file model-v6.txt (compact mmCIF, C-alpha atoms)
# COMPACT_ATOMS: atom_id res chain seq x y z
CA MET A 1083 175.51 185.48 51.23
CA ASN A 1084 175.11 182.74 48.60
CA TRP A 1085 177.27 180.06 50.21
CA ARG A 1086 176.42 177.48 47.56
CA LYS A 1087 177.95 179.59 44.80
CA CYS A 1088 181.13 180.08 46.84
CA VAL A 1089 181.42 176.38 47.73
CA ILE A 1090 180.85 175.18 44.15
CA ASP A 1091 183.35 177.69 42.77
CA LEU A 1092 185.97 176.68 45.39
CA LEU A 1093 185.43 172.97 44.69
CA LEU A 1094 185.81 173.48 40.94
CA ARG A 1095 188.93 175.60 41.25
CA ALA A 1096 190.50 173.35 43.90
CA THR A 1097 190.13 170.31 41.64
CA GLY A 1098 191.52 172.19 38.63
CA ASN A 1099 188.20 172.10 36.79
CA ALA A 1100 188.19 174.52 33.87
CA ILE A 1101 184.49 175.44 34.12
CA PRO A 1102 185.02 178.76 36.00
CA ARG A 1103 187.68 179.76 33.49
CA TYR A 1104 185.40 178.87 30.58
CA VAL A 1105 182.54 180.90 32.07
CA GLU A 1106 184.88 183.89 32.19
CA GLU A 1107 185.96 183.26 28.59
CA ILE A 1108 182.36 183.03 27.39
CA ALA A 1109 181.51 186.33 29.09
CA ARG A 1110 184.52 187.94 27.43
CA VAL A 1111 183.69 186.52 24.00
CA ASP A 1112 180.05 187.55 24.27
CA ALA A 1113 181.19 191.18 24.58
CA LEU A 1114 183.42 191.12 21.47
CA THR A 1115 182.78 193.22 18.40
CA PRO A 1116 181.47 191.36 15.32
CA ALA A 1117 184.95 191.35 13.73
CA GLU A 1118 186.63 190.11 16.92
CA LEU A 1119 183.98 187.42 17.37
CA GLU A 1120 184.43 186.24 13.78
CA ALA A 1121 188.18 185.84 14.36
CA TYR A 1122 187.66 183.95 17.64
CA HIS A 1123 185.03 181.66 16.14
CA GLY A 1124 187.12 181.01 13.02
CA ALA A 1125 190.10 179.98 15.16
CA LYS A 1126 187.98 177.47 17.10
CA LEU A 1127 186.54 175.99 13.90
CA GLU A 1128 190.01 175.77 12.37
CA LYS A 1129 191.34 173.94 15.45
CA LEU A 1130 188.46 171.46 15.35
CA LEU A 1131 189.03 170.69 11.67
CA PHE A 1132 192.77 170.25 12.20
CA LEU A 1133 192.24 167.79 15.08
CA ALA A 1134 189.46 165.96 13.24
CA HIS A 1135 191.76 165.47 10.25
CA ARG A 1136 194.63 164.33 12.45
CA ASP A 1137 192.76 161.98 14.78
CA VAL A 1138 189.48 160.85 13.15
CA PRO A 1139 189.73 158.34 10.25
CA TYR A 1140 186.38 159.32 8.71
CA TYR A 1141 187.22 163.02 8.64
CA ARG A 1142 190.76 162.45 7.49
CA ASP A 1143 189.27 161.21 4.23
CA ILE A 1144 186.38 163.68 4.05
CA LEU A 1145 188.45 166.79 4.79
CA GLU A 1146 191.10 165.86 2.25
CA GLU A 1147 188.55 165.03 -0.46
CA SER A 1148 186.76 168.35 0.10
CA GLY A 1149 190.03 170.30 0.06
CA VAL A 1150 189.51 171.65 3.60
CA VAL A 1151 192.81 170.25 4.87
CA ARG A 1152 195.81 170.02 2.57
CA GLY A 1153 199.43 169.71 3.64
CA GLY A 1154 198.51 170.20 7.28
CA LYS A 1155 196.83 173.53 6.52
CA VAL A 1156 193.14 174.23 7.11
CA ARG A 1157 191.19 176.18 4.49
CA LEU A 1158 188.01 177.57 6.02
CA ASP A 1159 186.96 178.94 2.63
CA ARG A 1160 186.45 175.29 1.55
CA PHE A 1161 184.24 174.40 4.53
CA GLU A 1162 181.03 174.54 2.46
CA HIS A 1163 182.34 171.57 0.45
CA VAL A 1164 182.22 169.24 3.47
CA PRO A 1165 179.24 166.89 2.96
CA PRO A 1166 176.56 166.87 5.67
CA LEU A 1167 176.73 164.28 8.42
CA THR A 1168 173.38 162.48 8.63
CA ARG A 1169 172.03 160.17 11.31
CA GLU A 1170 172.40 157.30 8.88
CA THR A 1171 176.07 158.13 8.25
CA LEU A 1172 176.69 158.55 11.97
CA GLY A 1173 175.34 155.07 12.60
CA ARG A 1174 177.09 153.45 9.64
CA GLU A 1175 180.49 155.11 10.16
CA ARG A 1176 180.40 155.26 13.94
CA LYS A 1177 183.74 153.51 14.52
CA ARG A 1178 185.56 155.62 11.94
CA LEU A 1179 184.06 158.79 13.47
CA LEU A 1180 185.80 158.10 16.78
CA SER A 1181 189.04 159.93 17.59
CA THR A 1182 192.08 157.76 18.11
CA ARG A 1183 192.78 159.89 21.22
CA ARG A 1184 189.33 159.60 22.76
CA VAL A 1185 190.45 157.54 25.77
CA GLU A 1186 192.88 160.22 26.99
CA ARG A 1187 190.10 162.76 26.53
CA LYS A 1188 187.93 160.80 29.04
CA CYS A 1189 185.16 160.04 26.60
CA PHE A 1190 181.75 158.57 27.44
CA GLU A 1191 178.78 157.28 25.47
CA ASN A 1192 175.50 159.14 25.10
CA SER A 1193 172.42 158.72 22.96
CA SER A 1194 169.52 160.76 21.68
CA GLY A 1195 165.91 160.10 22.54
CA GLY A 1196 163.63 158.45 20.05
CA SER A 1197 161.45 161.43 19.12
CA THR A 1198 162.33 160.93 15.44
CA GLY A 1199 162.00 157.17 15.68
CA GLU A 1200 165.75 156.84 15.19
CA PRO A 1201 167.72 156.81 18.47
CA VAL A 1202 171.36 157.67 17.83
CA ARG A 1203 174.43 156.62 19.82
CA PHE A 1204 177.46 158.89 19.96
CA VAL A 1205 180.52 159.71 22.08
CA GLN A 1206 181.29 162.91 23.99
CA ASP A 1207 184.13 163.80 26.32
CA ALA A 1208 185.09 165.68 29.48
CA GLU A 1209 186.08 168.83 27.61
CA TYR A 1210 182.72 168.94 25.83
CA ARG A 1211 180.95 168.50 29.17
CA ARG A 1212 182.94 171.32 30.81
CA TRP A 1213 182.15 173.76 27.99
CA ASN A 1214 178.49 172.73 28.04
CA MET A 1215 178.27 173.35 31.80
CA ALA A 1216 180.03 176.71 31.48
CA ASP A 1217 177.58 177.69 28.75
CA LYS A 1218 174.59 176.80 30.97
CA ILE A 1219 175.97 178.81 33.89
CA TYR A 1220 176.62 181.85 31.71
CA ARG A 1221 173.27 181.60 29.93
CA LYS A 1222 171.40 181.56 33.24
CA SER A 1223 173.35 184.56 34.47
CA ILE A 1224 172.04 186.63 31.53
CA GLY A 1225 168.58 186.59 33.12
CA GLY A 1226 170.02 187.27 36.56
CA GLN A 1227 170.17 183.72 37.93
CA GLU A 1228 173.12 182.77 40.14
CA ILE A 1229 174.31 179.32 41.17
CA GLY A 1230 172.48 178.46 44.38
CA ASP A 1231 169.29 180.40 43.67
CA VAL A 1232 166.21 178.32 44.49
CA GLU A 1233 165.45 176.36 41.31
CA LEU A 1234 162.76 173.92 40.23
CA ARG A 1235 163.11 171.59 37.25
CA LEU A 1236 160.06 170.22 35.45
CA TRP A 1237 162.27 167.78 33.70
CA GLY A 1238 163.25 164.29 32.76
CA SER A 1239 162.49 161.40 30.49
CA GLU A 1240 162.30 157.64 30.72
CA ARG A 1241 166.07 157.52 30.91
CA ASP A 1242 166.45 160.34 33.44
CA LEU A 1243 163.48 159.86 35.75
CA LEU A 1244 161.98 156.50 34.83
CA ASP A 1245 160.88 155.53 38.32
CA GLY A 1246 160.51 159.04 39.70
CA ARG A 1247 163.34 158.35 42.17
CA GLU A 1248 166.60 160.24 42.56
CA THR A 1249 169.95 158.51 42.83
CA LEU A 1250 172.26 159.44 45.71
CA ALA A 1251 174.49 161.41 43.31
CA THR A 1252 171.47 163.31 41.97
CA ARG A 1253 170.28 164.11 45.49
CA TRP A 1254 173.69 165.49 46.44
CA ARG A 1255 173.96 167.53 43.25
CA ASN A 1256 170.46 168.94 43.66
CA PHE A 1257 171.14 169.83 47.30
CA LEU A 1258 174.35 171.60 46.38
CA TYR A 1259 172.70 173.55 43.55
CA ASN A 1260 169.56 174.22 45.66
CA ARG A 1261 167.09 172.69 43.25
CA LYS A 1262 164.25 170.18 43.21
CA GLU A 1263 162.87 168.12 40.32
CA LEU A 1264 159.38 167.21 39.18
CA ASN A 1265 158.93 164.47 36.59
CA ALA A 1266 157.78 165.98 33.29
CA PHE A 1267 157.07 162.49 32.03
CA ARG A 1268 154.21 161.99 34.48
CA MET A 1269 151.84 164.85 33.72
CA SER A 1270 148.56 163.27 34.87
CA ARG A 1271 145.98 165.62 36.35
CA GLU A 1272 146.43 163.99 39.74
CA ASN A 1273 150.19 164.54 39.61
CA MET A 1274 149.80 168.10 38.35
CA GLY A 1275 147.66 168.91 41.39
CA ARG A 1276 150.53 167.73 43.58
CA TYR A 1277 153.04 169.64 41.44
CA VAL A 1278 151.16 172.92 41.92
CA ALA A 1279 151.01 172.40 45.69
CA PHE A 1280 154.73 171.61 45.81
CA TRP A 1281 155.57 174.58 43.55
CA ASN A 1282 153.69 177.00 45.80
CA ALA A 1283 155.32 175.62 48.94
CA TYR A 1284 158.82 175.55 47.43
CA ARG A 1285 158.49 179.03 45.83
CA PRO A 1286 161.23 178.67 43.18
CA ALA A 1287 163.10 181.75 42.00
CA TRP A 1288 163.83 180.06 38.67
CA VAL A 1289 162.33 177.18 36.71
CA ASP A 1290 163.83 174.91 34.05
CA ALA A 1291 161.17 173.04 32.10
CA TYR A 1292 160.31 171.06 29.03
CA VAL A 1293 158.31 173.34 26.72
CA ASP A 1294 155.35 171.01 26.47
CA ALA A 1295 155.32 170.10 30.17
CA ILE A 1296 155.13 173.72 31.34
CA ASP A 1297 152.47 174.43 28.70
CA ILE A 1298 150.34 171.49 29.91
CA LEU A 1299 150.83 172.50 33.55
CA GLY A 1300 149.84 176.08 32.72
CA ALA A 1301 146.67 174.86 30.96
CA TYR A 1302 145.79 172.78 34.03
CA ILE A 1303 146.27 175.81 36.31
CA ARG A 1304 143.99 177.90 34.08
CA GLU A 1305 141.29 175.23 33.91
CA GLU A 1306 141.28 174.66 37.66
CA GLU A 1307 141.58 178.41 38.36
CA LEU A 1308 144.49 177.84 40.72
CA SER A 1309 146.96 180.33 42.13
CA ILE A 1310 150.64 179.77 41.34
CA HIS A 1311 153.80 181.34 42.73
CA SER A 1312 155.48 183.53 40.11
CA PRO A 1313 159.21 182.82 39.64
CA ARG A 1314 161.68 185.37 38.29
CA GLY A 1315 161.99 183.45 35.03
CA ILE A 1316 161.29 180.16 33.26
CA ALA A 1317 163.79 178.60 30.86
CA VAL A 1318 162.32 176.09 28.42
CA THR A 1319 163.82 173.49 26.12
CA ALA A 1320 163.19 170.05 24.55
CA GLY A 1321 160.49 171.27 22.19
CA THR A 1322 159.41 174.16 20.00
CA LEU A 1323 158.39 177.33 21.83
CA TYR A 1324 155.60 178.49 19.56
CA PRO A 1325 154.31 182.07 20.12
CA ARG A 1326 151.02 180.73 21.48
CA ILE A 1327 152.86 178.67 24.10
CA ARG A 1328 155.15 181.54 25.12
CA ALA A 1329 152.21 183.91 25.58
CA ALA A 1330 150.18 181.37 27.54
CA VAL A 1331 153.05 180.43 29.90
CA GLU A 1332 154.00 184.06 30.53
CA GLU A 1333 150.37 184.89 31.30
CA VAL A 1334 149.88 182.05 33.78
CA PHE A 1335 153.22 182.29 35.58
CA ARG A 1336 153.64 186.09 35.21
CA CYS A 1337 157.33 186.04 34.30
CA THR A 1338 159.70 186.08 31.32
CA VAL A 1339 160.16 182.85 29.38
CA TYR A 1340 163.71 182.21 28.12
CA ASN A 1341 163.94 179.86 25.16
CA ARG A 1342 166.72 177.34 24.67
CA TYR A 1343 167.45 175.28 21.57
CA GLY A 1344 169.57 172.18 21.91
CA SER A 1345 169.89 168.43 21.52
CA ARG A 1346 171.56 165.45 23.16
CA GLU A 1347 174.06 165.27 20.30
CA ALA A 1348 175.21 168.89 20.46
CA GLY A 1349 174.07 170.37 23.78
CA ASP A 1350 172.54 173.84 23.99
CA MET A 1351 173.08 175.50 20.62
CA ALA A 1352 171.17 178.78 21.03
CA TYR A 1353 169.28 180.75 23.65
CA SER A 1354 167.10 183.84 23.98
CA CYS A 1355 168.45 186.77 25.97
CA GLY A 1356 165.08 188.18 27.02
CA ALA A 1357 165.28 191.28 24.79
CA ASP A 1358 163.05 189.54 22.23
CA ALA A 1359 162.05 186.05 21.15
CA ARG A 1360 165.02 185.38 18.84
CA LEU A 1361 167.85 183.05 19.78
CA HIS A 1362 171.59 183.75 20.02
CA VAL A 1363 173.87 180.99 18.73
CA SER A 1364 176.66 179.90 21.13
CA PRO A 1365 179.78 180.67 19.02
CA TRP A 1366 182.15 179.27 21.67
CA ASN A 1367 180.49 175.85 21.40
CA HIS A 1368 178.95 175.60 17.94
CA HIS A 1369 179.15 176.55 14.31
CA LEU A 1370 175.55 176.60 13.13
CA GLU A 1371 174.20 176.82 9.58
CA ILE A 1372 170.63 177.06 8.25
CA LEU A 1373 170.75 175.49 4.78
CA ASP A 1374 168.40 174.81 1.89
CA GLU A 1375 168.06 171.55 -0.07
CA ARG A 1376 171.23 172.36 -2.03
CA MET A 1377 173.25 172.95 1.16
CA ARG A 1378 173.33 176.71 0.58
CA PRO A 1379 172.68 179.26 3.35
CA VAL A 1380 169.09 180.50 3.31
CA GLY A 1381 168.35 184.22 3.12
CA PRO A 1382 167.00 186.42 5.94
CA GLY A 1383 163.52 185.30 6.96
CA GLU A 1384 163.80 182.03 5.01
CA SER A 1385 163.60 178.58 6.58
CA GLY A 1386 166.01 175.68 6.19
CA ARG A 1387 167.48 172.69 7.95
CA VAL A 1388 169.80 173.26 10.89
CA HIS A 1389 173.30 171.83 10.49
CA VAL A 1390 175.61 172.06 13.49
CA THR A 1391 179.34 171.60 14.03
CA THR A 1392 180.36 170.89 17.63
CA LEU A 1393 183.53 172.86 18.38
CA ASN A 1394 184.54 171.29 21.71
CA ASN A 1395 183.87 167.56 21.34
CA HIS A 1396 187.11 166.27 19.86
CA SER A 1397 186.43 162.62 20.71
CA MET A 1398 183.67 162.33 18.12
CA PRO A 1399 183.35 165.60 16.20
CA LEU A 1400 180.03 166.26 14.52
CA ILE A 1401 180.75 168.40 11.46
CA ARG A 1402 177.80 169.84 9.52
CA TYR A 1403 175.51 167.43 11.35
CA ASP A 1404 171.94 167.48 10.03
CA THR A 1405 169.83 167.88 13.18
CA GLY A 1406 166.52 167.31 11.40
CA ASP A 1407 165.27 170.65 12.76
CA ILE A 1408 163.83 173.49 10.69
CA ALA A 1409 164.75 177.08 11.60
CA VAL A 1410 164.27 180.56 10.15
CA ALA A 1411 167.27 182.81 9.55
CA ALA A 1412 167.17 186.16 11.33
CA VAL A 1413 165.66 189.06 9.42
CA ASP A 1414 167.64 191.64 11.43
CA PRO A 1415 171.10 190.35 12.44
CA VAL A 1416 171.43 192.83 15.32
CA CYS A 1417 169.89 192.30 18.76
CA SER A 1418 169.03 195.23 21.03
CA CYS A 1419 170.94 193.51 23.85
CA GLY A 1420 174.20 194.47 22.08
CA ARG A 1421 175.66 190.96 21.78
CA SER A 1422 177.38 190.12 18.50
CA ALA A 1423 176.53 186.42 18.35
CA SER A 1424 174.53 185.45 15.28
CA LEU A 1425 170.77 185.10 15.63
CA ILE A 1426 168.07 182.61 14.71
CA GLU A 1427 164.67 184.16 14.05
CA LYS A 1428 162.82 181.10 15.32
CA ILE A 1429 162.79 177.31 15.43
CA GLU A 1430 159.89 175.85 13.46
CA GLY A 1431 160.31 172.30 14.75
CA ARG A 1432 161.57 168.99 13.50
CA GLU A 1433 161.15 168.00 9.88
CA MET A 1434 158.68 165.33 11.03
CA SER A 1435 156.48 168.02 12.65
CA LEU A 1436 155.95 169.90 9.36
CA PHE A 1437 153.06 168.85 7.11
CA ARG A 1438 153.38 168.79 3.32
CA THR A 1439 151.04 169.17 0.34
CA ARG A 1440 151.41 167.36 -2.98
CA GLU A 1441 152.64 170.63 -4.47
CA GLY A 1442 155.55 170.69 -1.99
CA LYS A 1443 154.25 173.38 0.35
CA ARG A 1444 155.29 172.89 3.99
CA ILE A 1445 152.88 173.73 6.82
CA PRO A 1446 154.59 174.48 10.20
CA GLY A 1447 153.10 172.87 13.29
CA GLU A 1448 152.48 176.40 14.57
CA PHE A 1449 149.49 176.67 12.19
CA PHE A 1450 147.64 173.78 13.84
CA ILE A 1451 148.60 174.87 17.34
CA HIS A 1452 147.27 178.35 16.66
CA PHE A 1453 143.92 177.36 15.15
CA ILE A 1454 143.16 174.29 17.24
CA GLY A 1455 144.68 175.49 20.51
CA VAL A 1456 143.74 179.17 20.36
CA VAL A 1457 141.38 180.49 17.68
CA PHE A 1458 138.76 177.74 17.77
CA ASN A 1459 139.33 176.16 21.17
CA GLU A 1460 137.29 178.28 23.61
CA GLY A 1461 137.61 175.66 26.34
CA ALA A 1462 136.46 172.81 24.10
CA ILE A 1463 139.74 170.86 23.84
CA ARG A 1464 142.07 169.82 26.63
CA LYS A 1465 144.74 168.02 24.55
CA TYR A 1466 145.24 167.28 20.88
CA GLN A 1467 147.70 165.76 18.44
CA VAL A 1468 147.49 166.25 14.67
CA ILE A 1469 148.85 163.48 12.42
CA GLN A 1470 149.28 163.71 8.65
CA GLU A 1471 148.72 160.16 7.38
CA ASP A 1472 148.67 161.09 3.69
CA TYR A 1473 148.58 164.21 1.54
CA ASP A 1474 144.79 164.20 1.73
CA ARG A 1475 144.22 162.66 5.17
CA VAL A 1476 144.75 164.24 8.59
CA ARG A 1477 143.91 162.52 11.86
CA ILE A 1478 143.37 164.51 15.06
CA ARG A 1479 143.58 162.76 18.41
CA VAL A 1480 141.68 164.83 20.92
CA VAL A 1481 140.87 164.90 24.63
CA VAL A 1482 137.58 166.82 24.84
CA ALA A 1483 137.02 169.21 27.75
CA ASP A 1484 133.50 170.36 26.83
CA GLY A 1485 131.37 168.26 24.47
CA ASP A 1486 128.95 171.00 23.42
CA ALA A 1487 131.73 173.52 22.79
CA PHE A 1488 133.69 170.89 20.87
CA ALA A 1489 130.72 170.13 18.60
CA SER A 1490 130.46 173.83 17.72
CA VAL A 1491 134.10 174.20 16.62
CA THR A 1492 134.88 170.97 14.74
CA GLY A 1493 133.60 172.31 11.43
CA LYS A 1494 135.59 175.52 11.80
CA ILE A 1495 138.79 173.59 12.53
CA GLU A 1496 138.26 171.27 9.55
CA SER A 1497 137.63 174.25 7.27
CA ALA A 1498 140.83 175.98 8.42
CA ILE A 1499 142.85 172.80 7.80
CA ARG A 1500 141.43 172.38 4.28
CA ARG A 1501 142.36 175.95 3.43
CA VAL A 1502 146.05 175.06 3.77
CA MET A 1503 146.03 171.32 3.03
CA GLY A 1504 143.59 171.36 0.10
CA ASP A 1505 139.81 171.04 -0.36
CA ASP A 1506 140.05 167.25 -0.76
CA CYS A 1507 141.76 166.78 2.63
CA ARG A 1508 139.79 164.48 4.93
CA VAL A 1509 139.93 165.23 8.67
CA VAL A 1510 139.37 162.25 11.00
CA TRP A 1511 138.78 162.73 14.75
CA ASP A 1512 139.89 160.18 17.36
CA HIS A 1513 138.45 160.75 20.85
CA VAL A 1514 140.93 159.49 23.47
CA GLU A 1515 141.23 159.62 27.26
CA ASP A 1516 144.77 161.01 27.23
CA ILE A 1517 147.73 161.64 24.93
CA GLU A 1518 151.02 160.43 26.32
CA PRO A 1519 154.38 162.08 25.57
CA SER A 1520 156.97 160.33 23.41
CA PRO A 1521 159.53 158.02 25.07
CA SER A 1522 161.89 161.00 25.43
CA GLY A 1523 159.30 162.94 27.44
CA LYS A 1524 158.44 165.34 24.61
CA TYR A 1525 154.87 166.02 23.58
CA MET A 1526 154.39 165.94 19.80
CA TYR A 1527 151.63 168.34 18.74
CA THR A 1528 152.06 167.48 15.05
CA ILE A 1529 153.44 164.36 13.36
CA CYS A 1530 153.93 163.90 9.64
CA GLU A 1531 153.93 160.22 8.68
CA LEU A 1532 154.82 160.81 5.04
CA GLY A 1533 158.22 159.61 3.89
CA ALA A 1534 161.15 161.98 3.49
CA SER A 1535 160.67 164.61 0.81

call {"tool": "encode", "arguments": {"input": "model-v6.txt", "output": "structure tokens"}}
result
Amino acid sequence: MNWRKCVIDLLLRATGNAIPRYVEEIARVDALTPAELEAYHGAKLEKLLFLAHRDVPYYRDILEESGVVRGGKVRLDRFEHVPPLTRETLGRERKRLLSTRRVERKCFENSSGGSTGEPVRFVQDAEYRRWNMADKIYRKSIGGQEIGDVELRLWGSERDLLDGRETLATRWRNFLYNRKELNAFRMSRENMGRYVAFWNAYRPAWVDAYVDAIDILGAYIREEELSIHSPRGIAVTAGTLYPRIRAAVEEVFRCTVYNRYGSREAGDMAYSCGADARLHVSPWNHHLEILDERMRPVGPGESGRVHVTTLNNHSMPLIRYDTGDIAVAAVDPVCSCGRSASLIEKIEGREMSLFRTREGKRIPGEFFIHFIGVVFNEGAIRKYQVIQEDYDRVRIRVVVADGDAFASVTGKIESAIRRVMGDDCRVVWDHVEDIEPSPSGKYMYTICELGAS
């Protein structure tokens, strides 16, 4: 018997916490027909807009000017006229974006990491947190994971695990949920050796991990020819799950990889169900749009910027918030799993991870990962980071694993890069001892240093 699941459920219900009820609602909503889901989602969006107009000074003006709220009535057909909320606007208008009822909603401050170079401060509340937790519980259950199953987290950042020590509250929470944590911010080879030993002794049923951390750990296991306990599944987040990374992780750990797309500002926005690599949007928590430069929805198979509206954070609503991420709209809107939630074909990465040519062509980071990490690697390169310094200049920081093999592939890699970046593109190699993750714990494979397009 899973006593942890019973105890946690009893504690939540005894204290009047709405999480169990929200989990039940999410399960019910996820089984709705497309028409029923559209009605449910529309009602949640309408409620958010009504409360934002009533309680948030910034949106009172914006929603009236755009014609979304007139005479106390919400017009969803005018939603496309709401201007996007950018990071700059969020910072500049922060006070006016706060709900006048945020205190009674038990609000708290949060902030994003600095992976874009622009940390952002924002406010969330207890209701947002409850819905986010319910979503996580339900999402895990899709793969078969129950509360209390043995879980390992390859997780954390400077903020979460700066010293590698757990607080008393974290220890209690981890004990109750039957999980252990390894610091994804400290992925030295010495530490990874200890991580593998701990992993094999702990024998987790499920793993939560940063995309890049589990990829690096998998590469270490392959290089050292180590044995590793195979969990039932690995859920990844905090980075782009490129096809090369998915295939490599599934091969090393011999299990299904479940992808998760989210952010500090909005929580988990989409997840893969295991039927294929695409991601289901969470319609109970988010309204998500993939838009082109003119703020119009992109067509099937086309890429655009992700704009999200948080449906359950009424203390500081984010409406049409520009995440800075690039995604591809689903080609086929129907998933074989039978769920009606809308789909994302794939996440291409942050805007800053896409390279650009003078002609305006965008090169996804996946190109460099595929050619440098797979096609021309052959054991030559341990780590790499590709930086576009100018339209005709690319710098590659590299940790070499085999000098002779590296010498034989450099010309091939440079040739492949010039084929997409242009014949006049200069490729500069920097040999380094290691490549550290960003302050948020994420590993940036590609960085574009050009200004905004």

call {"tool": "closest_atom_pairs", "arguments": {"input": "model-v6.txt", "of": "stretch 1184-1239 of chain A", "to": "stretch 1291-1304 of chain A", "cutoff": "6 Å", "atoms": "all atoms listed in the file", "output": "Markdown table"}}
result
| residue | atom | partner | partner_atom | distance |
| --- | --- | --- | --- | --- |
| A:Arg1235 | CA | A:Ala1291 | CA | 5.7 |
| A:Leu1236 | CA | A:Ala1291 | CA | 4.5 |
| A:Trp1237 | CA | A:Ala1291 | CA | 5.6 |

call {"tool": "write_last_selection", "arguments": {"input": "model-v6.txt", "atoms": "C-alpha atoms", "output": "mmCIF file, in the coordinates of the input"}}
result
data_model
loop_
_atom_site.group_PDB
_atom_site.id
_atom_site.type_symbol
_atom_site.label_atom_id
_atom_site.label_comp_id
_atom_site.auth_asym_id
_atom_site.auth_seq_id
_atom_site.Cartn_x
_atom_site.Cartn_y
_atom_site.Cartn_z
ATOM 1 C CA ARG A 1235 163.110 171.590 37.250
ATOM 2 C CA LEU A 1236 160.060 170.220 35.450
ATOM 3 C CA TRP A 1237 162.270 167.780 33.700
#

call {"tool": "residues_near_point", "arguments": {"input": "model-v6.txt", "point": "(171.5, 186.0, 15.1)", "cutoff": "12 Å", "atoms": "all atoms listed in the file", "output": "MDAnalysis selection string"}}
result
chainID A and resid 1116 1351:1355 1358:1365 1370:1372 1382:1383 1409:1428

call {"tool": "atom_distance", "arguments": {"input": "model-v6.txt", "atom1": "atom CA of A:Gln1467", "atom2": "atom CA of A:Ala1483"}}
result
14.6 Å

call {"tool": "closest_residue", "arguments": {"input": "model-v6.txt", "among": "A:Tyr1473, A:Phe1257, A:Tyr1210, A:Phe1204", "to": "A:Ile1229", "atoms": "all atoms listed in the file"}}
result
A:Phe1257

call {"tool": "residues_around", "arguments": {"input": "model-v6.txt", "residues": "A:Gln1470", "least_positions_apart": "6", "cutoff": "6 Å", "atoms": "only C-alpha atoms", "output": "MDAnalysis selection string"}}
result
chainID A and resid 1476 1530:1531

call {"tool": "write_last_selection", "arguments": {"input": "model-v6.txt", "atoms": "C-alpha atoms", "output": "PDB file, in the coordinates of the input"}}
result
ATOM      1  CA  VAL A1476     144.750 164.240   8.590  1.00  0.00           C
ATOM      2  CA  CYS A1530     153.930 163.900   9.640  1.00  0.00           C
ATOM      3  CA  GLU A1531     153.930 160.220   8.680  1.00  0.00           C
TER       4      GLU A1531
END

call {"tool": "closest_residue", "arguments": {"input": "model-v6.txt", "among": "A:Arg1255, A:Arg1169, A:Lys1188, A:Arg1346", "to": "A:Asn1214", "atoms": "all atoms listed in the file"}}
result
A:Arg1346

call {"tool": "atom_distance", "arguments": {"input": "model-v6.txt", "atom1": "atom CA of A:Pro1102", "atom2": "atom CA of A:Cys1189"}}
result
20.9 Å

call {"tool": "closest_residue", "arguments": {"input": "model-v6.txt", "among": "A:Phe1453, A:Asn1459, A:Val1089, A:Trp1511", "to": "A:Ile1499", "atoms": "all atoms listed in the file"}}
result
A:Phe1453

call {"tool": "closest_residue", "arguments": {"input": "model-v6.txt", "among": "A:Lys1126, A:Arg1326, A:Arg1136, A:Lys1262", "to": "A:Arg1152", "atoms": "all atoms listed in the file"}}
result
A:Arg1136

call {"tool": "residues_around", "arguments": {"input": "model-v6.txt", "residues": "A:Val1510", "least_positions_apart": "4", "cutoff": "9 Å", "atoms": "only C-alpha atoms", "output": "count of residues only"}}
result
5

call {"tool": "atom_distance", "arguments": {"input": "model-v6.txt", "atom1": "atom CA of A:Glu1496", "atom2": "atom CA of A:Glu1384"}}
result
28.1 Å

call {"tool": "residues_around", "arguments": {"input": "model-v6.txt", "residues": "A:Ile1327", "least_positions_apart": "3", "cutoff": "9 Å", "atoms": "only C-alpha atoms", "output": "PyMOL selection string"}}
result
chain A and resi 1293-1294+1297+1322-1324+1330-1332+1451

call {"tool": "residues_around", "arguments": {"input": "model-v6.txt", "residues": "A:His1135", "least_positions_apart": "2", "cutoff": "12 Å", "atoms": "all atoms listed in the file", "output": "CSV table (one decimal) with C-alpha atoms, keeping the file's coordinate frame"}}
result
chain,number,residue,atom,x,y,z
A,1128,GLU,CA,190.0,175.8,12.4
A,1129,LYS,CA,191.3,173.9,15.4
A,1130,LEU,CA,188.5,171.5,15.4
A,1131,LEU,CA,189.0,170.7,11.7
A,1132,PHE,CA,192.8,170.2,12.2
A,1133,LEU,CA,192.2,167.8,15.1
A,1137,ASP,CA,192.8,162.0,14.8
A,1138,VAL,CA,189.5,160.8,13.2
A,1139,PRO,CA,189.7,158.3,10.2
A,1140,TYR,CA,186.4,159.3,8.7
A,1141,TYR,CA,187.2,163.0,8.6
A,1142,ARG,CA,190.8,162.4,7.5
A,1143,ASP,CA,189.3,161.2,4.2
A,1144,ILE,CA,186.4,163.7,4.0
A,1145,LEU,CA,188.4,166.8,4.8
A,1146,GLU,CA,191.1,165.9,2.2
A,1147,GLU,CA,188.6,165.0,-0.5
A,1148,SER,CA,186.8,168.4,0.1
A,1149,GLY,CA,190.0,170.3,0.1
A,1150,VAL,CA,189.5,171.6,3.6
A,1151,VAL,CA,192.8,170.2,4.9
A,1152,ARG,CA,195.8,170.0,2.6
A,1153,GLY,CA,199.4,169.7,3.6
A,1154,GLY,CA,198.5,170.2,7.3
A,1155,LYS,CA,196.8,173.5,6.5
A,1156,VAL,CA,193.1,174.2,7.1
A,1178,ARG,CA,185.6,155.6,11.9
A,1179,LEU,CA,184.1,158.8,13.5
A,1180,LEU,CA,185.8,158.1,16.8
A,1181,SER,CA,189.0,159.9,17.6
A,1182,THR,CA,192.1,157.8,18.1
A,1396,HIS,CA,187.1,166.3,19.9
A,1398,MET,CA,183.7,162.3,18.1
A,1399,PRO,CA,183.4,165.6,16.2
A,1401,ILE,CA,180.8,168.4,11.5
